[in-house]
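Chemist: Sending over work_23.txt (compact mmCIF, C-alpha atoms).
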# COMPACT_ATOMS: atom_id res chain seq x y z
CA MET P 1 69.81 139.30 129.84
CA ARG P 2 69.42 135.60 130.07
CA LEU P 3 66.86 135.66 127.28
CA VAL P 4 69.24 137.49 124.95
CA LEU P 5 71.94 134.93 125.64
CA PHE P 6 69.54 132.12 124.97
CA ALA P 7 68.47 133.64 121.66
CA GLY P 8 72.10 134.04 120.64
CA MET P 9 72.76 130.45 121.48
CA ILE P 10 69.90 129.21 119.32
CA LEU P 11 71.10 131.43 116.48
CA CYS P 12 74.57 129.92 116.75
CA ALA P 13 73.14 126.44 116.49
CA PHE P 14 71.21 127.30 113.34
CA LEU P 15 74.08 129.11 111.64
CA GLY P 16 76.13 125.95 111.73
CA ALA P 17 73.51 123.94 109.88
CA GLY P 18 73.12 126.01 106.74
CA SER P 19 76.28 125.60 104.71
CA GLY P 20 76.51 122.92 102.02
CA ALA P 21 77.88 122.20 98.58
CA GLN P 22 76.22 123.81 95.59
CA ALA P 23 73.62 121.45 94.23
CA ALA P 24 74.35 119.53 91.05
CA ARG P 25 71.17 120.34 89.19
CA ALA P 26 69.95 119.92 85.64
CA GLY P 27 71.57 122.56 83.42
CA HIS P 28 74.66 122.90 85.63
CA SER P 29 78.06 121.46 84.78
CA ALA P 30 78.62 118.03 86.29
CA PRO P 31 81.26 118.18 89.06
CA ALA P 32 84.47 116.52 87.87
CA PHE P 33 85.85 113.42 89.56
CA SER P 34 88.57 110.85 89.11
CA LEU P 35 88.04 107.56 90.92
CA PRO P 36 89.65 104.11 90.95
CA SER P 37 88.00 101.03 89.47
CA ALA P 38 88.36 97.51 90.91
CA SER P 39 91.64 97.06 89.03
CA GLY P 40 93.03 100.22 90.61
CA LYS P 41 93.06 102.14 87.35
CA SER P 42 91.37 105.47 87.77
CA ALA P 43 88.68 106.80 85.50
CA SER P 44 87.63 110.41 85.24
CA LEU P 45 84.58 112.20 83.96
CA ASP P 46 86.74 114.54 81.86
CA ALA P 47 88.07 111.60 79.84
CA LEU P 48 84.49 110.83 78.77
CA LYS P 49 83.74 114.27 77.39
CA GLY P 50 81.82 113.96 74.13
CA GLN P 51 79.97 110.90 75.40
CA VAL P 52 76.68 110.70 77.20
CA VAL P 53 77.41 109.62 80.75
CA LEU P 54 75.04 108.23 83.35
CA VAL P 55 76.56 108.56 86.81
CA ASP P 56 74.78 106.29 89.25
CA PHE P 57 75.53 106.28 92.97
CA TRP P 58 74.94 102.93 94.60
CA ALA P 59 75.76 100.90 97.71
CA SER P 60 75.45 97.26 98.71
CA TRP P 61 73.06 98.14 101.54
CA CYS P 62 70.65 100.03 99.32
CA ALA P 63 67.68 97.91 98.26
CA PRO P 64 66.50 99.93 95.23
CA CYS P 65 70.08 99.81 93.90
CA ARG P 66 69.71 96.05 93.63
CA GLU P 67 66.66 96.54 91.44
CA SER P 68 68.35 99.16 89.29
CA PHE P 69 71.28 97.00 88.19
CA PRO P 70 69.44 94.85 85.61
CA PHE P 71 68.05 98.06 84.12
CA LEU P 72 71.45 99.75 84.01
CA ASN P 73 72.97 96.64 82.44
CA ARG P 74 70.31 96.69 79.76
CA MET P 75 70.86 100.40 79.09
CA GLN P 76 74.60 99.89 78.70
CA ARG P 77 74.05 96.94 76.35
CA GLN P 78 71.43 98.69 74.30
CA TYR P 79 72.86 102.20 74.06
CA GLY P 80 76.60 101.64 74.50
CA ALA P 81 77.18 101.66 70.77
CA GLN P 82 75.47 105.04 70.50
CA GLY P 83 77.85 106.57 73.03
CA LEU P 84 76.27 105.92 76.42
CA HIS P 85 78.73 105.27 79.21
CA ILE P 86 77.38 104.27 82.61
CA LEU P 87 79.56 104.92 85.65
CA GLY P 88 78.35 103.22 88.80
CA ILE P 89 79.95 104.92 91.77
CA ASN P 90 80.00 102.69 94.83
CA VAL P 91 79.88 104.50 98.16
CA ASP P 92 80.29 101.49 100.48
CA GLU P 93 82.70 102.12 103.32
CA LYS P 94 84.09 98.61 103.00
CA ARG P 95 85.12 97.37 99.59
CA VAL P 96 84.22 93.74 100.49
CA ASP P 97 80.55 94.66 100.75
CA ALA P 98 80.59 95.97 97.20
CA THR P 99 82.51 92.95 95.92
CA ARG P 100 80.04 90.60 97.54
CA PHE P 101 77.14 92.52 96.01
CA LEU P 102 78.70 92.44 92.55
CA ALA P 103 79.30 88.69 92.81
CA LYS P 104 75.55 88.24 93.21
CA ILE P 105 74.40 91.00 90.89
CA PRO P 106 77.08 91.60 88.26
CA ALA P 107 77.46 95.02 86.68
CA GLN P 108 77.98 95.20 82.95
CA PHE P 109 79.11 98.81 83.19
CA SER P 110 82.06 100.64 84.75
CA VAL P 111 82.13 100.53 88.53
CA LEU P 112 84.20 103.07 90.44
CA TYR P 113 84.83 103.26 94.16
CA ASP P 114 84.54 106.25 96.46
CA ALA P 115 84.62 105.06 100.06
CA ALA P 116 85.53 108.54 101.27
CA GLY P 117 82.29 109.96 99.89
CA GLU P 118 83.88 112.97 98.18
CA THR P 119 81.94 112.54 94.95
CA PRO P 120 78.45 112.19 96.44
CA LYS P 121 79.29 115.26 98.50
CA ALA P 122 80.25 117.18 95.37
CA TYR P 123 76.99 116.11 93.74
CA ASP P 124 75.08 116.99 96.92
CA LEU P 125 73.39 113.61 96.95
CA LYS P 126 70.04 113.57 98.73
CA VAL P 127 68.74 110.09 98.06
CA MET P 128 70.25 106.66 97.48
CA PRO P 129 70.37 105.68 94.70
CA SER P 130 70.60 108.79 92.53
CA SER P 131 71.60 108.99 88.92
CA TYR P 132 72.79 111.95 86.91
CA LEU P 133 72.42 111.97 83.15
CA ILE P 134 75.21 114.06 81.66
CA GLY P 135 75.13 115.28 78.05
CA ARG P 136 78.01 115.34 75.59
CA ASP P 137 78.79 118.92 76.65
CA GLY P 138 79.36 117.88 80.28
CA LYS P 139 76.15 119.51 81.54
CA ILE P 140 73.67 117.63 83.67
CA ARG P 141 70.46 116.89 81.78
CA LEU P 142 68.51 114.96 84.36
CA VAL P 143 68.77 114.09 88.04
CA HIS P 144 66.87 110.98 88.99
CA GLN P 145 66.39 110.20 92.68
CA GLY P 146 65.63 106.70 93.90
CA PHE P 147 64.72 103.83 91.64
CA LYS P 148 61.37 102.17 91.08
CA ALA P 149 60.42 99.65 88.40
CA LYS P 150 57.97 102.15 86.94
CA ASP P 151 60.68 104.79 86.50
CA GLN P 152 62.41 102.72 83.82
CA ALA P 153 60.46 103.89 80.78
CA ALA P 154 60.95 107.59 81.58
CA LEU P 155 64.64 107.11 82.28
CA GLU P 156 65.16 105.18 79.08
CA ALA P 157 63.34 107.86 77.10
CA ALA P 158 65.56 110.55 78.66
CA ILE P 159 68.72 108.59 77.84
CA ALA P 160 67.59 108.05 74.24
CA SER P 161 66.72 111.72 73.79
CA VAL P 162 70.07 112.93 75.16
CA LEU P 163 71.84 110.46 72.85
CA ARG P 164 69.98 111.95 69.88
CA GLU P 165 71.26 115.46 70.65
CA LYS P 166 73.83 116.75 68.18
CA SER P 167 77.30 117.00 69.64
CA MET N 168 81.61 137.68 138.43
CA ARG N 169 78.62 135.42 138.47
CA ILE N 170 77.38 136.76 135.15
CA VAL N 171 80.76 136.09 133.55
CA ARG N 172 80.60 132.53 134.72
CA HIS N 173 77.09 132.20 133.32
CA LEU N 174 78.21 133.67 130.03
CA PHE N 175 81.06 131.21 129.81
CA ALA N 176 78.81 128.23 130.50
CA LEU N 177 76.28 129.40 127.95
CA SER N 178 78.87 129.91 125.23
CA LEU N 179 80.18 126.41 125.88
CA LEU N 180 76.66 125.08 125.51
CA ALA N 181 76.22 127.07 122.31
CA LEU N 182 79.36 125.49 120.91
CA ALA N 183 78.15 122.04 121.83
CA LEU N 184 74.75 122.66 120.22
CA ASN N 185 76.47 123.94 117.11
CA GLY N 186 78.21 120.60 116.89
CA CYS N 187 74.83 118.88 116.88
CA ALA N 188 73.63 121.06 114.04
CA THR N 189 76.53 120.25 111.75
CA THR N 190 76.60 116.48 112.19
CA GLU N 191 74.10 115.25 109.69
CA VAL N 192 74.05 111.71 108.38
CA LYS N 193 74.19 112.03 104.61
CA ALA N 194 72.36 109.71 102.22
CA TRP N 195 75.52 107.80 101.29
CA GLU N 196 76.53 107.27 104.93
CA LYS N 197 73.53 105.21 105.96
CA SER N 198 75.01 101.74 105.64
CA ALA N 199 74.74 101.01 109.36
CA LEU N 200 71.27 102.52 109.54
CA ALA N 201 70.11 100.37 106.63
CA LYS N 202 70.76 97.13 108.52
CA PRO N 203 67.62 95.15 109.37
CA SER N 204 68.66 95.15 113.03
CA MET N 205 68.31 98.92 113.06
CA ALA N 206 64.60 98.79 112.29
CA PHE N 207 62.12 99.70 115.01
CA ASP N 208 60.25 96.46 114.42
CA GLY N 209 62.19 93.24 114.13
CA ASN N 210 59.64 91.44 112.03
CA VAL N 211 57.79 93.32 109.29
CA LEU N 212 54.88 90.87 108.99
CA GLU N 213 54.42 90.67 112.73
CA ALA N 214 54.52 94.45 113.04
CA ARG N 215 51.93 94.84 110.31
CA PHE N 216 49.66 92.31 111.97
CA ALA N 217 50.00 94.01 115.38
CA ASP N 218 49.33 97.34 113.71
CA HIS N 219 46.19 95.98 112.08
CA THR N 220 44.91 94.69 115.41
CA PHE N 221 45.76 97.96 117.11
CA GLN N 222 43.97 99.97 114.47
CA SER N 223 40.77 97.97 114.67
CA LYS N 224 40.79 97.99 118.48
CA GLU N 225 41.47 101.70 118.66
CA GLY N 226 39.00 102.54 115.93
CA ALA N 227 41.52 104.90 114.45
CA ARG N 228 42.24 103.60 111.00
CA GLY N 229 45.23 105.20 109.35
CA ASN N 230 46.82 106.33 112.55
CA GLY N 231 50.12 104.76 111.62
CA ALA N 232 50.60 106.31 108.23
CA VAL N 233 48.49 108.49 105.96
CA GLY N 234 45.42 110.30 107.15
CA GLY N 235 42.14 108.44 107.22
CA GLY N 236 38.79 108.34 108.90
CA GLY N 237 38.35 107.44 112.52
CA CYS N 238 35.22 105.41 111.86
CA GLY N 239 36.71 102.11 112.88
CA CYS N 240 35.34 100.35 109.84
CA ASN N 241 37.54 97.83 108.09
Let me see the structure of the file written as structure tokens.
Modeler:
Amino acid sequence: MRLVLFAGMILCAFLGAGSGAQAARAGHSAPAFSLPSASGKSASLDALKGQVVLVDFWASWCAPCRESFPFLNRMQRQYGAQGLHILGINVDEKRVDATRFLAKIPAQFSVLYDAAGETPKAYDLKVMPSSYLIGRDGKIRLVHQGFKAKDQAALEAAIASVLREKS
Amino acid sequence: MRIVRHLFALSLLALALNGCATTEVKAWEKSALAKPSMAFDGNVLEARFADHTFQSKEGARGNGAVGGGGCGCN
């Protein structure tokens, strides 16, 4: 009797752990979002349909994010004219942390704020930072987890190839 | 009567355990955990040095991270 109860209890504990959002994977539609920028004006993914979008989740406390910013800036500079739009979504709980970070390492791309964490939840974020390359049709082409200096060439190649796709 | 009381206590415990299973710190919620003060070792260099000494004394190279021989060389 006691054993049965114990087994049931364990089962209960495991059942609670399973549920989660559907993963945002390559080939799937990118979950929509509308988030405020520093000026308070909100930007949405829908408004950028027809452009290639790189959604990058970052935070002030995340060390690889710091390394990724110069790369992202370069990508925006280099490929902006071809239709690349980088959206850096900040997930800091306190806005000041993000502001302080940006004062040291400026972003030359759009920065949006999601302190509530709804967007990373919708994208089922596993690793900080993560970036999602979204094609002109709104479908995710590539999910890149983490950021290392040696990842740059592959990421740039992926961005360039998605930009070459016919709309 | 006693069994009912046991059942009640166990279901309470099950509920509590269920709570543990659902609270998971997500990747974007780790700002507090990312602070240097949250590290196990306060000083990275010091920890690495202590680890090196420990490894050579113990003769168990690689015990701290990836697998390796136990020859004690190096």
Chemist: Here's a test: counting all atoms listed in the file, identify every protein, DNA and RNA residue with an atom at most 6 Å from (76.7, 118.4, 83.5) in the file's coordinate frame, and state them as a list in words.
Modeler: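 Those within range, by chain then number, are His28, Ser29, Ala30, Ile134, Gly138, Lys139 and Ile140 of chain P.
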Chemist: Do you have, as CSV, the list of residues of chain N lying at most 12 Å from chain P, each with its nearest atom pair and that distance in Å to one decimal, counting only C-alpha atoms and ordered by chain then number?
Modeler:
residue,atom,partner,partner_atom,distance
N:Ile170,CA,P:Arg2,CA,9.5
N:Val171,CA,P:Arg2,CA,11.9
N:His173,CA,P:Arg2,CA,9.0
N:Leu174,CA,P:Leu5,CA,7.8
N:Phe175,CA,P:Leu5,CA,10.7
N:Ala176,CA,P:Leu5,CA,10.8
N:Leu177,CA,P:Leu5,CA,7.4
N:Ser178,CA,P:Met9,CA,7.2
N:Leu179,CA,P:Met9,CA,9.5
N:Leu180,CA,P:Met9,CA,7.8
N:Ala181,CA,P:Met9,CA,4.9
N:Leu182,CA,P:Ala13,CA,7.7
N:Ala183,CA,P:Ala13,CA,8.5
N:Leu184,CA,P:Ala13,CA,5.5
N:Asn185,CA,P:Ala13,CA,4.2
N:Gly186,CA,P:Gly16,CA,7.7
N:Cys187,CA,P:Ala13,CA,7.8
N:Ala188,CA,P:Ala17,CA,5.1
N:Thr189,CA,P:Ala17,CA,5.1
N:Thr190,CA,P:Ala17,CA,8.4
N:Glu191,CA,P:Ala17,CA,8.7
N:Val192,CA,P:Lys126,CA,10.6
N:Lys193,CA,P:Lys126,CA,7.4
N:Ala194,CA,P:Val127,CA,5.5
N:Trp195,CA,P:Val91,CA,6.3
N:Glu196,CA,P:Val91,CA,8.0
N:Lys197,CA,P:Trp61,CA,8.4
N:Ser198,CA,P:Trp61,CA,5.8
N:Ala199,CA,P:Trp61,CA,8.5
N:Leu200,CA,P:Trp61,CA,9.3
N:Ala201,CA,P:Trp61,CA,6.3
N:Lys202,CA,P:Trp61,CA,7.4
N:Pro203,CA,P:Trp61,CA,10.0
Chemist: So how many Å separate CA of Gly146 in chain P and CA of Pro64 in chain P, to one decimal?
Modeler: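 Atom-to-atom, CA of Gly146 in chain P to CA of Pro64 in chain P, that is 7.0 Å.
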Chemist: Can you measure CA of Lys104 in chain P to CA of Asp208 in chain N for me? One decimal in Å is fine.
Modeler: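 The value is 27.4 Å.
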Chemist: Extract, using all atoms listed in the file, all DNA, RNA and protein residues at most 10 Å from range 77-85 of chain P, discarding same-chain residues fewer than 6 positions from it, and format them as a list in words.
Modeler: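 Non-adjacent residues within range: Leu48, Gly50, Gln51, Val52, Val53, Leu54, Val55, Phe71, Gln108, Phe109, Ser110, Leu133, Ile134, Gly135, Arg136, Glu156, Ile159, Ala160, Val162, Leu163 and Arg164 of chain P.
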Chemist: To one decimal in Å, tell me the separation between CA of Arg141 in chain P and CA of Phe101 in chain P.
Modeler: 29.0 Å
Chemist: Residues at most 9 Å from Ala32 in chain P, counting all atoms listed in the file, excluding those fewer than 2 positions away in the same chain, as JSON, numbers by chain?
Modeler: {"P": [29, 30, 34, 44, 45, 46, 119, 122]}
